[in-house]
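Novice: Data: entry_14.txt, compact mmCIF, C-alpha atoms.
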```txt
# COMPACT_ATOMS: atom_id res chain seq x y z
CA MET A 5 10.63 73.06 38.03
CA THR A 6 11.02 69.73 36.31
CA LEU A 7 9.45 66.58 37.60
CA GLU A 8 11.37 63.35 37.80
CA LYS A 9 10.05 59.86 38.45
CA TYR A 10 6.54 61.10 39.07
CA ILE A 11 3.25 59.37 38.34
CA LEU A 12 1.35 61.78 36.12
CA ALA A 13 -1.76 59.70 35.50
CA VAL A 14 -3.25 56.29 36.19
CA ILE A 15 -5.41 54.45 33.67
CA THR A 16 -7.30 51.43 34.83
CA THR A 17 -10.29 49.22 34.19
CA ASN A 18 -10.52 48.23 37.84
CA PRO A 19 -11.56 51.14 40.11
CA LYS A 20 -10.77 49.11 43.21
CA LYS A 21 -7.04 49.19 42.46
CA VAL A 22 -6.61 52.95 42.54
CA PRO A 23 -7.00 54.98 45.72
CA GLY A 24 -6.60 58.40 44.03
CA GLY A 25 -4.17 61.22 44.72
CA THR A 26 -3.33 61.60 41.05
CA GLY A 27 -5.19 61.89 37.77
CA VAL A 28 -7.15 58.65 37.42
CA PHE A 29 -8.92 57.51 34.24
CA PHE A 30 -11.44 54.68 34.59
CA CYS A 31 -11.97 52.79 31.36
CA ASP A 32 -14.56 50.24 30.35
CA SER A 33 -12.36 47.97 28.30
CA LYS A 34 -8.75 47.03 27.73
CA GLU A 35 -8.83 48.64 24.25
CA GLU A 36 -10.10 51.90 25.65
CA MET A 37 -7.42 51.76 28.34
CA GLU A 38 -4.70 51.32 25.70
CA THR A 39 -5.99 54.22 23.62
CA PHE A 40 -6.07 56.43 26.70
CA ALA A 41 -2.58 55.36 27.70
CA ALA A 42 -1.20 55.99 24.19
CA ASN A 43 -2.72 59.46 24.05
CA LEU A 44 -1.71 60.41 27.55
CA GLU A 45 1.80 59.19 26.90
CA ALA A 46 2.09 61.54 23.94
CA ILE A 47 0.42 64.46 25.71
CA LEU A 48 2.36 64.21 28.97
CA ASP A 49 5.76 63.26 27.49
CA GLY A 50 5.90 60.33 29.85
CA ILE A 51 6.20 56.58 29.50
CA ALA A 52 3.16 54.29 29.82
CA HIS A 53 4.24 51.50 32.14
CA GLY A 54 2.09 48.41 32.56
CA LEU A 55 1.78 47.28 36.16
CA SER A 56 -0.79 44.60 35.38
CA GLU A 57 -3.33 43.71 32.70
CA GLU A 58 -5.77 46.23 34.09
CA LEU A 59 -3.52 49.05 35.29
CA TYR A 60 -1.23 51.46 33.43
CA VAL A 61 0.67 54.38 34.93
CA ILE A 62 2.18 57.30 33.03
CA VAL A 63 5.52 58.19 34.57
CA LYS A 64 7.68 61.20 33.92
CA HIS A 65 11.34 60.18 33.75
CA MET B 42 66.47 87.86 9.90
CA ASN B 43 68.84 86.33 12.37
CA GLU B 44 70.14 82.82 13.02
CA TYR B 45 66.94 81.88 14.90
CA THR B 46 64.36 83.00 12.36
CA LEU B 47 64.38 79.90 10.21
CA PRO B 48 64.42 77.39 13.10
CA ILE B 49 61.52 79.22 14.76
CA VAL B 50 59.52 79.29 11.54
CA PHE B 51 60.32 75.62 11.08
CA GLY B 52 59.17 74.78 14.64
CA LEU B 53 56.02 76.85 14.11
CA LEU B 54 55.21 74.92 10.95
CA ALA B 55 55.95 71.54 12.52
CA GLY B 56 53.68 72.32 15.49
CA THR B 57 50.83 73.63 13.35
CA ILE B 58 51.03 70.63 11.03
CA SER B 59 50.91 68.25 13.99
CA ARG B 60 47.81 70.08 15.29
CA LEU B 61 46.15 69.71 11.88
CA PHE B 62 47.12 66.08 11.95
CA MET B 63 45.35 65.56 15.28
CA LEU B 64 42.29 67.55 14.22
CA ARG B 65 40.22 65.14 12.24
CA THR B 66 36.51 64.88 11.85
CA ASP B 67 35.44 61.30 12.30
CA TYR B 68 32.22 59.48 13.09
CA ARG B 69 32.02 61.34 16.39
CA GLN B 70 31.37 64.37 14.19
CA TYR B 71 33.22 66.86 16.28
CA PRO B 72 34.31 69.51 15.46
CA THR B 73 32.45 69.62 12.19
CA TYR B 74 31.85 73.32 11.90
CA LEU B 75 34.40 75.49 10.20
CA HIS B 76 34.67 78.07 12.97
CA GLY B 77 35.39 75.42 15.56
CA LYS B 78 38.21 74.15 13.41
CA ILE B 79 39.64 77.62 12.92
CA ILE B 80 39.66 78.18 16.68
CA HIS B 81 41.64 75.00 17.21
CA ILE B 82 44.08 75.64 14.37
CA ALA B 83 44.68 79.18 15.66
CA LEU B 84 45.27 77.93 19.19
CA GLY B 85 47.54 75.23 17.80
CA PHE B 86 49.50 77.93 15.98
CA ILE B 87 49.90 79.90 19.22
CA ALA B 88 51.01 76.75 21.03
CA ALA B 89 53.52 76.03 18.26
CA GLY B 90 54.86 79.59 18.59
CA LEU B 91 55.36 79.16 22.34
CA GLY B 92 57.17 75.88 21.83
CA ALA B 93 59.31 77.21 18.99
CA VAL B 94 60.70 80.23 20.87
CA ALA B 95 61.46 78.25 24.03
CA GLY B 96 64.42 76.51 22.34
CA PRO B 97 66.27 79.70 21.23
CA SER B 98 65.65 81.34 24.61
CA ILE B 99 67.40 78.43 26.34
CA LEU B 100 70.32 78.65 23.91
CA GLU B 101 70.57 82.41 24.51
CA GLU B 102 70.64 81.69 28.26
CA GLU B 103 67.50 83.77 28.72
CA PHE B 104 66.10 81.33 31.25
CA THR B 105 63.42 83.62 32.61
CA ALA B 106 61.87 83.66 29.15
CA VAL B 107 60.95 80.02 29.60
CA THR B 108 58.56 81.00 32.37
CA PHE B 109 56.10 82.20 29.74
CA LEU B 110 55.30 78.52 29.23
CA THR B 111 53.30 78.86 32.45
CA ILE B 112 51.09 81.33 30.61
CA ALA B 113 50.58 78.64 28.02
CA ALA B 114 49.36 76.26 30.71
CA SER B 115 46.65 78.62 31.91
CA GLN B 116 45.81 79.57 28.33
CA PHE B 117 45.13 75.97 27.37
CA ARG B 118 43.19 75.25 30.50
CA GLU B 119 40.81 77.79 29.04
CA VAL B 120 40.56 75.63 25.92
CA ARG B 121 39.35 72.82 28.13
CA ASN B 122 36.74 75.06 29.74
CA MET B 123 35.61 76.34 26.38
CA GLU B 124 35.15 72.84 24.97
CA ARG B 125 33.39 71.65 28.10
CA ASN B 126 30.97 74.58 28.12
CA THR B 127 30.15 74.35 24.43
CA LEU B 128 29.55 70.62 24.47
CA THR B 129 27.54 70.73 27.69
CA GLU B 130 25.28 73.40 26.23
CA LEU B 131 24.81 71.48 23.01
CA ASP B 132 24.19 68.22 24.85
CA HIS B 133 20.72 69.36 25.94
CA TYR B 134 19.62 69.26 22.33
CA GLU B 135 20.99 65.84 21.42
CA LEU B 136 18.42 63.06 21.03
CA VAL B 137 20.86 60.75 22.78
CA THR B 138 23.15 62.77 25.04
CA ARG B 139 26.92 62.40 25.10
CA GLY B 140 27.04 62.50 28.86
CA LYS B 141 29.35 64.47 31.11
CA THR B 142 32.12 61.86 31.25
CA TYR B 143 32.44 61.77 27.47
CA ILE B 144 32.44 65.57 27.27
CA GLU B 145 35.12 65.81 29.93
CA GLY B 146 37.18 63.26 28.00
CA ILE B 147 36.90 65.30 24.78
CA ALA B 148 37.77 68.54 26.62
CA VAL B 149 40.85 66.97 28.22
CA ALA B 150 41.94 65.63 24.82
CA PHE B 151 41.69 69.11 23.28
CA GLU B 152 43.82 70.58 26.06
CA SER B 153 46.48 67.89 25.93
CA ARG B 154 46.76 68.13 22.15
CA ASN B 155 48.00 71.69 22.55
CA TYR B 156 50.70 70.51 24.94
CA LEU B 157 51.75 67.91 22.40
CA VAL B 158 51.99 70.70 19.83
CA ILE B 159 54.26 72.72 22.17
CA PHE B 160 56.39 69.62 22.67
CA THR B 161 56.60 68.93 18.92
CA SER B 162 57.66 72.46 18.00
CA LEU B 163 60.11 72.69 20.91
CA ILE B 164 61.84 69.45 19.94
CA SER B 165 61.93 70.20 16.20
CA THR B 166 63.30 73.74 16.72
CA LEU B 167 66.01 72.39 19.03
CA GLY B 168 66.79 69.64 16.52
CA TYR B 169 67.21 72.23 13.78
CA LEU B 170 69.37 74.52 15.96
CA ILE B 171 71.64 71.89 17.50
CA PHE B 172 72.03 69.63 14.47
CA ASN B 173 70.58 70.68 11.10
CA VAL B 174 67.31 70.99 9.21
CA TRP B 175 67.16 67.27 8.36
CA MET B 176 67.48 66.28 11.99
CA GLY B 177 64.73 68.80 12.70
CA ILE B 178 62.44 67.14 10.15
CA ILE B 179 63.16 63.66 11.51
CA LEU B 180 62.47 64.75 15.07
CA ALA B 181 59.27 66.52 13.99
CA ILE B 182 58.00 63.35 12.30
CA LEU B 183 58.97 61.27 15.34
CA CYS B 184 57.07 63.67 17.59
CA MET B 185 53.98 63.49 15.37
CA VAL B 186 54.04 59.71 15.48
CA LEU B 187 54.47 59.85 19.24
CA SER B 188 51.52 62.28 19.51
CA LYS B 189 49.42 59.93 17.44
CA VAL B 190 50.29 57.00 19.72
CA LEU B 191 49.70 59.05 22.87
CA MET B 192 46.34 60.35 21.65
CA ALA B 193 45.01 57.01 20.44
CA GLY B 194 43.72 55.63 23.77
CA GLY B 195 41.94 52.33 24.37
CA LYS B 196 38.93 50.95 22.54
CA LEU B 197 36.03 49.10 24.07
CA LYS B 198 36.71 45.98 22.00
CA ASP B 199 39.99 45.56 23.92
CA ILE B 200 38.19 45.07 27.21
CA VAL B 201 34.82 43.49 26.35
CA GLU B 202 33.31 40.82 24.13
CA ILE B 203 30.27 42.04 22.22
CA GLU B 204 27.41 39.74 21.32
CA TYR B 205 24.07 40.42 19.65
CA PHE B 206 20.81 39.42 21.35
CA GLU B 207 17.29 39.98 20.05
CA PRO B 208 15.37 42.07 22.64
CA ARG B 209 12.27 40.35 24.02
CA PHE B 210 9.32 41.06 26.29
CA GLU B 211 8.25 39.22 29.42
CA GLY B 212 4.89 40.79 30.18
CA ALA B 213 5.62 44.52 30.06
CA GLY B 214 9.30 44.10 30.89
CA LEU B 215 11.86 44.50 28.10
CA TYR B 216 14.86 42.20 28.34
CA VAL B 217 18.17 41.82 26.52
CA ASP B 218 19.29 38.27 27.27
CA ASN B 219 18.52 38.07 31.01
CA ILE B 220 19.09 41.76 31.73
CA TYR B 221 16.01 43.83 32.52
CA ILE B 222 15.99 47.09 30.56
CA MET B 223 12.65 48.81 31.23
CA ASN B 224 8.89 48.52 31.46
CA ILE B 225 6.90 49.39 28.35
CA GLY B 226 3.17 49.04 28.81
CA LEU B 227 1.50 49.75 25.48
CA PRO B 228 1.37 46.80 23.05
CA GLU B 229 1.73 49.27 20.18
CA ARG B 230 5.00 50.63 21.61
CA GLN B 231 6.20 47.11 22.32
CA LYS B 232 5.78 46.21 18.66
CA GLU B 233 7.74 49.32 17.66
CA VAL B 234 10.49 48.49 20.10
CA LEU B 235 10.78 44.92 18.84
CA LYS B 236 10.78 46.10 15.22
CA TYR B 237 13.55 48.67 15.60
CA GLY B 238 15.33 47.64 18.78
CA MET B 239 18.63 45.80 18.95
CA GLY B 240 20.25 44.30 22.01
CA PHE B 241 23.90 43.74 22.73
CA ILE B 242 25.64 42.16 25.65
CA LEU B 243 29.03 43.53 26.63
CA LYS B 244 30.90 40.83 28.50
CA PRO B 245 33.93 42.17 30.39
CA LYS B 246 37.16 40.28 29.75
CA THR B 247 38.79 41.20 33.06
CA PHE B 248 37.83 42.28 36.53
CA ASN B 249 39.07 45.81 35.76
CA ALA B 250 36.91 46.00 32.64
CA ARG B 251 33.90 45.07 34.77
CA SER B 252 34.23 48.29 36.78
CA THR B 253 35.03 50.38 33.72
CA ILE B 254 31.91 49.43 31.77
CA ALA B 255 29.80 49.77 34.90
CA ASN B 256 30.52 53.51 34.77
CA LEU B 257 27.38 55.36 33.71
CA GLY B 258 29.36 57.81 31.59
CA GLN B 259 31.02 54.98 29.69
CA ARG B 260 27.64 53.38 29.02
CA GLN B 261 26.19 56.69 27.83
CA ALA B 262 29.17 57.05 25.49
CA VAL B 263 28.33 53.68 23.94
CA LEU B 264 24.69 54.69 23.42
CA HIS B 265 25.68 58.05 21.97
CA ASP B 266 28.22 56.62 19.55
CA VAL B 267 25.88 53.90 18.30
CA SER B 268 23.09 56.44 17.85
CA THR B 269 25.42 58.80 16.00
CA ALA B 270 26.79 56.14 13.68
CA LEU B 271 23.57 54.23 12.95
CA GLY B 272 20.92 56.87 13.50
CA VAL B 273 18.24 56.72 16.16
CA TYR B 274 14.53 55.88 16.01
CA ARG B 275 13.40 58.56 18.39
CA ASP B 276 12.02 62.06 18.73
CA SER B 277 11.48 64.55 21.50
CA GLY B 278 8.43 63.64 23.56
CA THR B 279 8.89 59.89 23.13
CA PRO B 280 10.70 58.93 26.30
CA ALA B 281 9.67 55.30 25.80
CA LEU B 282 11.96 55.03 22.79
CA VAL B 283 15.15 55.70 24.65
CA PRO B 284 18.33 53.67 24.23
CA LEU B 285 19.44 52.27 27.58
CA ALA B 286 22.28 50.25 29.03
CA LYS B 287 21.70 48.20 32.16
CA ARG B 288 23.98 46.01 34.18
CA ASP B 289 23.75 42.43 35.33
CA LEU B 290 24.63 42.72 39.00
CA ASP B 291 25.76 39.09 39.20
CA ASP B 292 28.59 39.08 36.68
CA GLY B 293 29.03 42.69 35.60
CA ARG B 294 27.84 42.18 32.01
CA VAL B 295 26.14 45.20 30.48
CA GLY B 296 23.04 44.91 28.33
CA VAL B 297 22.83 47.62 25.70
CA PHE B 298 19.48 48.36 24.11
CA VAL B 299 19.50 50.70 21.12
CA LEU B 300 17.00 51.80 18.48
CA PRO B 301 19.05 52.43 15.34
CA GLN B 302 17.61 53.66 12.09
CA GLU B 303 19.75 51.17 10.25
CA ARG B 304 19.57 47.61 11.62
CA ASP B 305 22.99 46.29 10.69
CA ILE B 306 24.27 43.92 13.37
CA GLU B 307 27.83 43.66 12.02
CA ARG B 308 28.25 47.40 11.82
CA ALA B 309 26.71 48.00 15.21
CA ILE B 310 29.13 45.54 16.83
CA LYS B 311 32.01 47.28 15.06
CA VAL B 312 30.82 50.71 16.23
CA ILE B 313 30.48 49.55 19.83
CA GLY B 314 33.98 48.06 19.62
CA GLN B 315 35.36 51.40 18.44
CA VAL B 316 33.90 53.38 21.34
CA PRO B 317 36.81 54.85 23.29
CA THR B 318 37.29 53.67 26.85
CA LEU B 319 36.92 56.99 28.60
CA GLU B 320 39.88 58.03 30.68
CA ASN B 321 37.63 59.09 33.51
CA ALA B 322 35.77 55.78 33.50
CA ILE B 323 38.79 53.48 33.63
CA ARG B 324 39.03 51.70 36.95
CA MET B 325 41.79 49.36 38.03
CA PRO B 326 40.73 47.65 41.23
CA THR B 327 43.39 44.98 40.74
CA GLU B 328 46.09 47.64 41.17
CA LYS B 329 45.06 47.92 44.78
CA GLY B 330 47.38 45.75 46.82
CA GLY B 331 45.72 42.71 48.32
CA ASN B 332 43.15 42.30 45.55
CA LYS B 333 43.48 39.12 43.59
CA LYS B 334 43.96 39.47 39.86
```
Could you quickly redo this structure as structure tokens?

Specialist:
Amino acid sequence: MTLEKYILAVITTNPKKVPGGTGVFFCDSKEEMETFAANLEAILDGIAHGLSEELYVIVKH
Amino acid sequence: MNEYTLPIVFGLLAGTISRLFMLRTDYRQYPTYLHGKIIHIALGFIAAGLGAVAGPSILEEEFTAVTFLTIAASQFREVRNMERNTLTELDHYELVTRGKTYIEGIAVAFESRNYLVIFTSLISTLGYLIFNVWMGIILAILCMVLSKVLMAGGKLKDIVEIEYFEPRFEGAGLYVDNIYIMNIGLPERQKEVLKYGMGFILKPKTFNARSTIANLGQRQAVLHDVSTALGVYRDSGTPALVPLAKRDLDDGRVGVFVLPQERDIERAIKVIGQVPTLENAIRMPTEKGGNKK
């Protein structure tokens, strides 16, 4: 089965924003968040989309 | 040898030459491989044979013999299937896919070329038989020119104006002019995209063109052709670096975002202009009665 338009992971510095239900990575700083997003993008073959300054989602297209 | 041998051989040659004439490897790079070419030349030869013997059979009043042309029709439908299947299979491994509409267009072209070959050899054999060899040659050349004209088809530059725009970011959103392309979150990726990315706006010249370039297959054809001609900055597992074409819903303009290896604006505009308008994408809403032009 192939996934389409599916949120694979959420990376955030603000725990309040994310209710769960998917892989969530809490980061301490914006830099750490960007590193996580870059790595997860490569690992999961998805695109890191920025929803706000403190929240990235990795989406499979 | 009888009176028909030479005319049939002549028709056979004329047909095969016209097939060779239509089989050229251009920037679309298809068919490049030798075996693919041999298949098409062989099928062209068979088509030429069918066309060449149809003339004598009419002159001999063997009218039932002409019915074998129906076999030709089903035979060449197979050519279309073969092309479609091959290209669809290969498309999975392209960095920027051709898209189904483009593939269908190529498959239809391959089928119709064989019919043009039948037509060419039929006419040139008849010309030879009824008049003489010189008339045959003249008719064969005329048919080849006609085939060339019939196979040419429209180009995108006839229906749209192409303009270059530097892609830009608003927050995480990537824009070409005012058309939203996609959301790229990582600053690192954004830098890459700005460094390699190029944006073009296709502005339709007519109302009909607006519907034609809205077709997703037509847009994919543009992306594929640009990526073939200028290379593509992309690899498997980097879905963020994907060329995309999005539409402005207000006025039907299409924003094309590509990541070529070679950033040459002039050439890119030329390549986009040379993209064929796909038969299956052409829409003519103004032909519908009651619509204003």

Novice: With all atoms listed in the file as the atoms that count, which of A:Ala52, A:Cys31, A:Leu59, A:Val14 lies nearest to chain B?

Specialist: A:Ala52

Novice: To one decimal in Å, tell me the separation between atom CA of B:Tyr156 and atom CA of B:Lys196.

Specialist: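 These atoms are spaced 23.0 Å apart.
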
Novice: If we count all atoms listed in the file, which residues of chain B reach to within 7 Å of chain A? Please list them as an mmCIF file with C-alpha atoms, in the coordinates of the input.

Specialist:
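Written output follows (out.cif):
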```cif
data_model
loop_
_atom_site.group_PDB
_atom_site.id
_atom_site.type_symbol
_atom_site.label_atom_id
_atom_site.label_comp_id
_atom_site.auth_asym_id
_atom_site.auth_seq_id
_atom_site.Cartn_x
_atom_site.Cartn_y
_atom_site.Cartn_z
ATOM 1 C CA ALA B 213 5.620 44.520 30.060
ATOM 2 C CA ASN B 224 8.890 48.520 31.460
ATOM 3 C CA ILE B 225 6.900 49.390 28.350
ATOM 4 C CA GLY B 226 3.170 49.040 28.810
ATOM 5 C CA LEU B 227 1.500 49.750 25.480
ATOM 6 C CA GLY B 278 8.430 63.640 23.560
ATOM 7 C CA THR B 279 8.890 59.890 23.130
ATOM 8 C CA PRO B 280 10.700 58.930 26.300
ATOM 9 C CA ALA B 281 9.670 55.300 25.800
#
```

Novice: Contacts of B:Leu282 at 10 Å or less, counting only C-alpha atoms, minus same-chain residues fewer than 6 places along, as an mmCIF file with C-alpha atoms, keeping the file's coordinate frame?

Specialist:
```
data_model
loop_
_atom_site.group_PDB
_atom_site.id
_atom_site.type_symbol
_atom_site.label_atom_id
_atom_site.label_comp_id
_atom_site.auth_asym_id
_atom_site.auth_seq_id
_atom_site.Cartn_x
_atom_site.Cartn_y
_atom_site.Cartn_z
ATOM 1 C CA ILE A 51 6.200 56.580 29.500
ATOM 2 C CA ILE B 225 6.900 49.390 28.350
ATOM 3 C CA ARG B 230 5.000 50.630 21.610
ATOM 4 C CA GLN B 231 6.200 47.110 22.320
ATOM 5 C CA GLU B 233 7.740 49.320 17.660
ATOM 6 C CA VAL B 234 10.490 48.490 20.100
ATOM 7 C CA TYR B 237 13.550 48.670 15.600
ATOM 8 C CA GLY B 238 15.330 47.640 18.780
ATOM 9 C CA VAL B 273 18.240 56.720 16.160
ATOM 10 C CA TYR B 274 14.530 55.880 16.010
ATOM 11 C CA ARG B 275 13.400 58.560 18.390
ATOM 12 C CA ASP B 276 12.020 62.060 18.730
ATOM 13 C CA VAL B 299 19.500 50.700 21.120
ATOM 14 C CA LEU B 300 17.000 51.800 18.480
#
```

Novice: Tell me which protein, DNA and RNA residues are within 9 Å of B:Pro48, counting all atoms listed in the file, leaving out same-chain ones fewer than 3 positions away, and put them as a list in words.

Specialist: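 With the cut-off at 9 Å, the set is Glu44, Tyr45, Phe51, Gly52, Leu53, Ala93, Pro97, Ser165, Thr166, Leu167, Gly168, Tyr169, Leu170, Val174 and Gly177 of chain B.
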
Novice: Identify which of the residues B:Thr253, B:Val149, B:Met185, B:His81 lies closest to B:Ile164, counting all atoms listed in the file when measuring atom-to-atom distances.

Specialist: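 Closest candidate: B:Met185.
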
Novice: Any idea what's packed within 12 Å of A:Gly24, counting only C-alpha atoms, ignoring anything in its chain fewer than 2 positions away? Could you give it as a list in words?

Specialist: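 Answer for this query is Ile11, Leu12, Ala13, Val14, Ile15, Thr16, Pro19, Lys20, Lys21, Val22, Thr26, Gly27, Val28, Phe29 and Phe30 of chain A.
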
Novice: Atom CA of B:Leu183 and atom CA of B:Ile87 are how many Å apart?

Specialist: 21.1 Å

Novice: Taking the block above, write stretch 163-191 of chain B with N, CA and C atoms as an mmCIF file, in the first residue's frame.

Specialist:
```
data_model
loop_
_atom_site.group_PDB
_atom_site.id
_atom_site.type_symbol
_atom_site.label_atom_id
_atom_site.label_comp_id
_atom_site.auth_asym_id
_atom_site.auth_seq_id
_atom_site.Cartn_x
_atom_site.Cartn_y
_atom_site.Cartn_z
ATOM 1 N N LEU B 163 0.311 3.309 -51.400
ATOM 2 C CA LEU B 163 -0.849 3.085 -52.273
ATOM 3 C C LEU B 163 -0.859 4.097 -53.415
ATOM 4 N N ILE B 164 -0.710 5.372 -53.049
ATOM 5 C CA ILE B 164 -0.773 6.433 -54.055
ATOM 6 C C ILE B 164 0.394 6.319 -55.041
ATOM 7 N N SER B 165 1.612 6.044 -54.502
ATOM 8 C CA SER B 165 2.756 6.020 -55.433
ATOM 9 C C SER B 165 2.715 4.797 -56.360
ATOM 10 N N THR B 166 2.212 3.650 -55.853
ATOM 11 C CA THR B 166 2.071 2.486 -56.733
ATOM 12 C C THR B 166 1.049 2.777 -57.833
ATOM 13 N N LEU B 167 -0.083 3.357 -57.440
ATOM 14 C CA LEU B 167 -1.118 3.689 -58.428
ATOM 15 C C LEU B 167 -0.583 4.685 -59.456
ATOM 16 N N GLY B 168 0.175 5.669 -58.962
ATOM 17 C CA GLY B 168 0.757 6.667 -59.867
ATOM 18 C C GLY B 168 1.653 6.008 -60.909
ATOM 19 N N TYR B 169 2.469 5.060 -60.429
ATOM 20 C CA TYR B 169 3.378 4.337 -61.320
ATOM 21 C C TYR B 169 2.570 3.539 -62.348
ATOM 22 N N LEU B 170 1.539 2.816 -61.874
ATOM 23 C CA LEU B 170 0.767 1.925 -62.742
ATOM 24 C C LEU B 170 -0.047 2.690 -63.783
ATOM 25 N N ILE B 171 -0.730 3.750 -63.308
ATOM 26 C CA ILE B 171 -1.644 4.455 -64.213
ATOM 27 C C ILE B 171 -0.874 5.367 -65.169
ATOM 28 N N PHE B 172 0.124 6.082 -64.633
ATOM 29 C CA PHE B 172 0.898 6.985 -65.481
ATOM 30 C C PHE B 172 2.255 6.342 -65.779
ATOM 31 N N ASN B 173 3.306 6.813 -65.108
ATOM 32 C CA ASN B 173 4.624 6.204 -65.309
ATOM 33 C C ASN B 173 5.458 6.375 -64.045
ATOM 34 N N VAL B 174 6.712 5.971 -64.102
ATOM 35 C CA VAL B 174 7.536 5.982 -62.894
ATOM 36 C C VAL B 174 7.758 7.402 -62.363
ATOM 37 N N TRP B 175 7.845 8.380 -63.282
ATOM 38 C CA TRP B 175 8.104 9.761 -62.844
ATOM 39 C C TRP B 175 6.922 10.302 -62.066
ATOM 40 N N MET B 176 5.737 10.009 -62.578
ATOM 41 C CA MET B 176 4.518 10.431 -61.869
ATOM 42 C C MET B 176 4.496 9.781 -60.480
ATOM 43 N N GLY B 177 4.912 8.499 -60.452
ATOM 44 C CA GLY B 177 4.981 7.790 -59.179
ATOM 45 C C GLY B 177 5.884 8.511 -58.190
ATOM 46 N N ILE B 178 7.056 8.928 -58.669
ATOM 47 C CA ILE B 178 8.022 9.610 -57.795
ATOM 48 C C ILE B 178 7.440 10.935 -57.297
ATOM 49 N N ILE B 179 6.829 11.687 -58.227
ATOM 50 C CA ILE B 179 6.245 12.983 -57.837
ATOM 51 C C ILE B 179 5.169 12.784 -56.781
ATOM 52 N N LEU B 180 4.296 11.812 -57.007
ATOM 53 C CA LEU B 180 3.227 11.562 -56.038
ATOM 54 C C LEU B 180 3.789 11.116 -54.694
ATOM 55 N N ALA B 181 4.848 10.284 -54.743
ATOM 56 C CA ALA B 181 5.461 9.816 -53.492
ATOM 57 C C ALA B 181 6.001 11.002 -52.692
ATOM 58 N N ILE B 182 6.679 11.921 -53.400
ATOM 59 C CA ILE B 182 7.236 13.093 -52.701
ATOM 60 C C ILE B 182 6.110 13.955 -52.133
ATOM 61 N N LEU B 183 5.054 14.140 -52.956
ATOM 62 C CA LEU B 183 3.908 14.917 -52.474
ATOM 63 C C LEU B 183 3.315 14.301 -51.204
ATOM 64 N N CYS B 184 3.181 12.972 -51.221
ATOM 65 C CA CYS B 184 2.620 12.282 -50.059
ATOM 66 C C CYS B 184 3.499 12.460 -48.831
ATOM 67 N N MET B 185 4.823 12.424 -49.040
ATOM 68 C CA MET B 185 5.743 12.580 -47.895
ATOM 69 C C MET B 185 5.623 13.972 -47.306
ATOM 70 N N VAL B 186 5.503 14.960 -48.196
ATOM 71 C CA VAL B 186 5.339 16.342 -47.714
ATOM 72 C C VAL B 186 4.034 16.460 -46.942
ATOM 73 N N LEU B 187 2.984 15.849 -47.506
ATOM 74 C CA LEU B 187 1.678 15.877 -46.851
ATOM 75 C C LEU B 187 1.747 15.211 -45.475
ATOM 76 N N SER B 188 2.457 14.054 -45.407
ATOM 77 C CA SER B 188 2.608 13.360 -44.121
ATOM 78 C C SER B 188 3.289 14.267 -43.112
ATOM 79 N N LYS B 189 4.324 14.938 -43.583
ATOM 80 C CA LYS B 189 5.091 15.838 -42.715
ATOM 81 C C LYS B 189 4.160 16.926 -42.151
ATOM 82 N N VAL B 190 3.350 17.510 -43.043
ATOM 83 C CA VAL B 190 2.435 18.570 -42.614
ATOM 84 C C VAL B 190 1.418 18.011 -41.632
ATOM 85 N N LEU B 191 0.875 16.824 -41.962
ATOM 86 C CA LEU B 191 -0.156 16.240 -41.106
ATOM 87 C C LEU B 191 0.401 15.858 -39.740
#
```
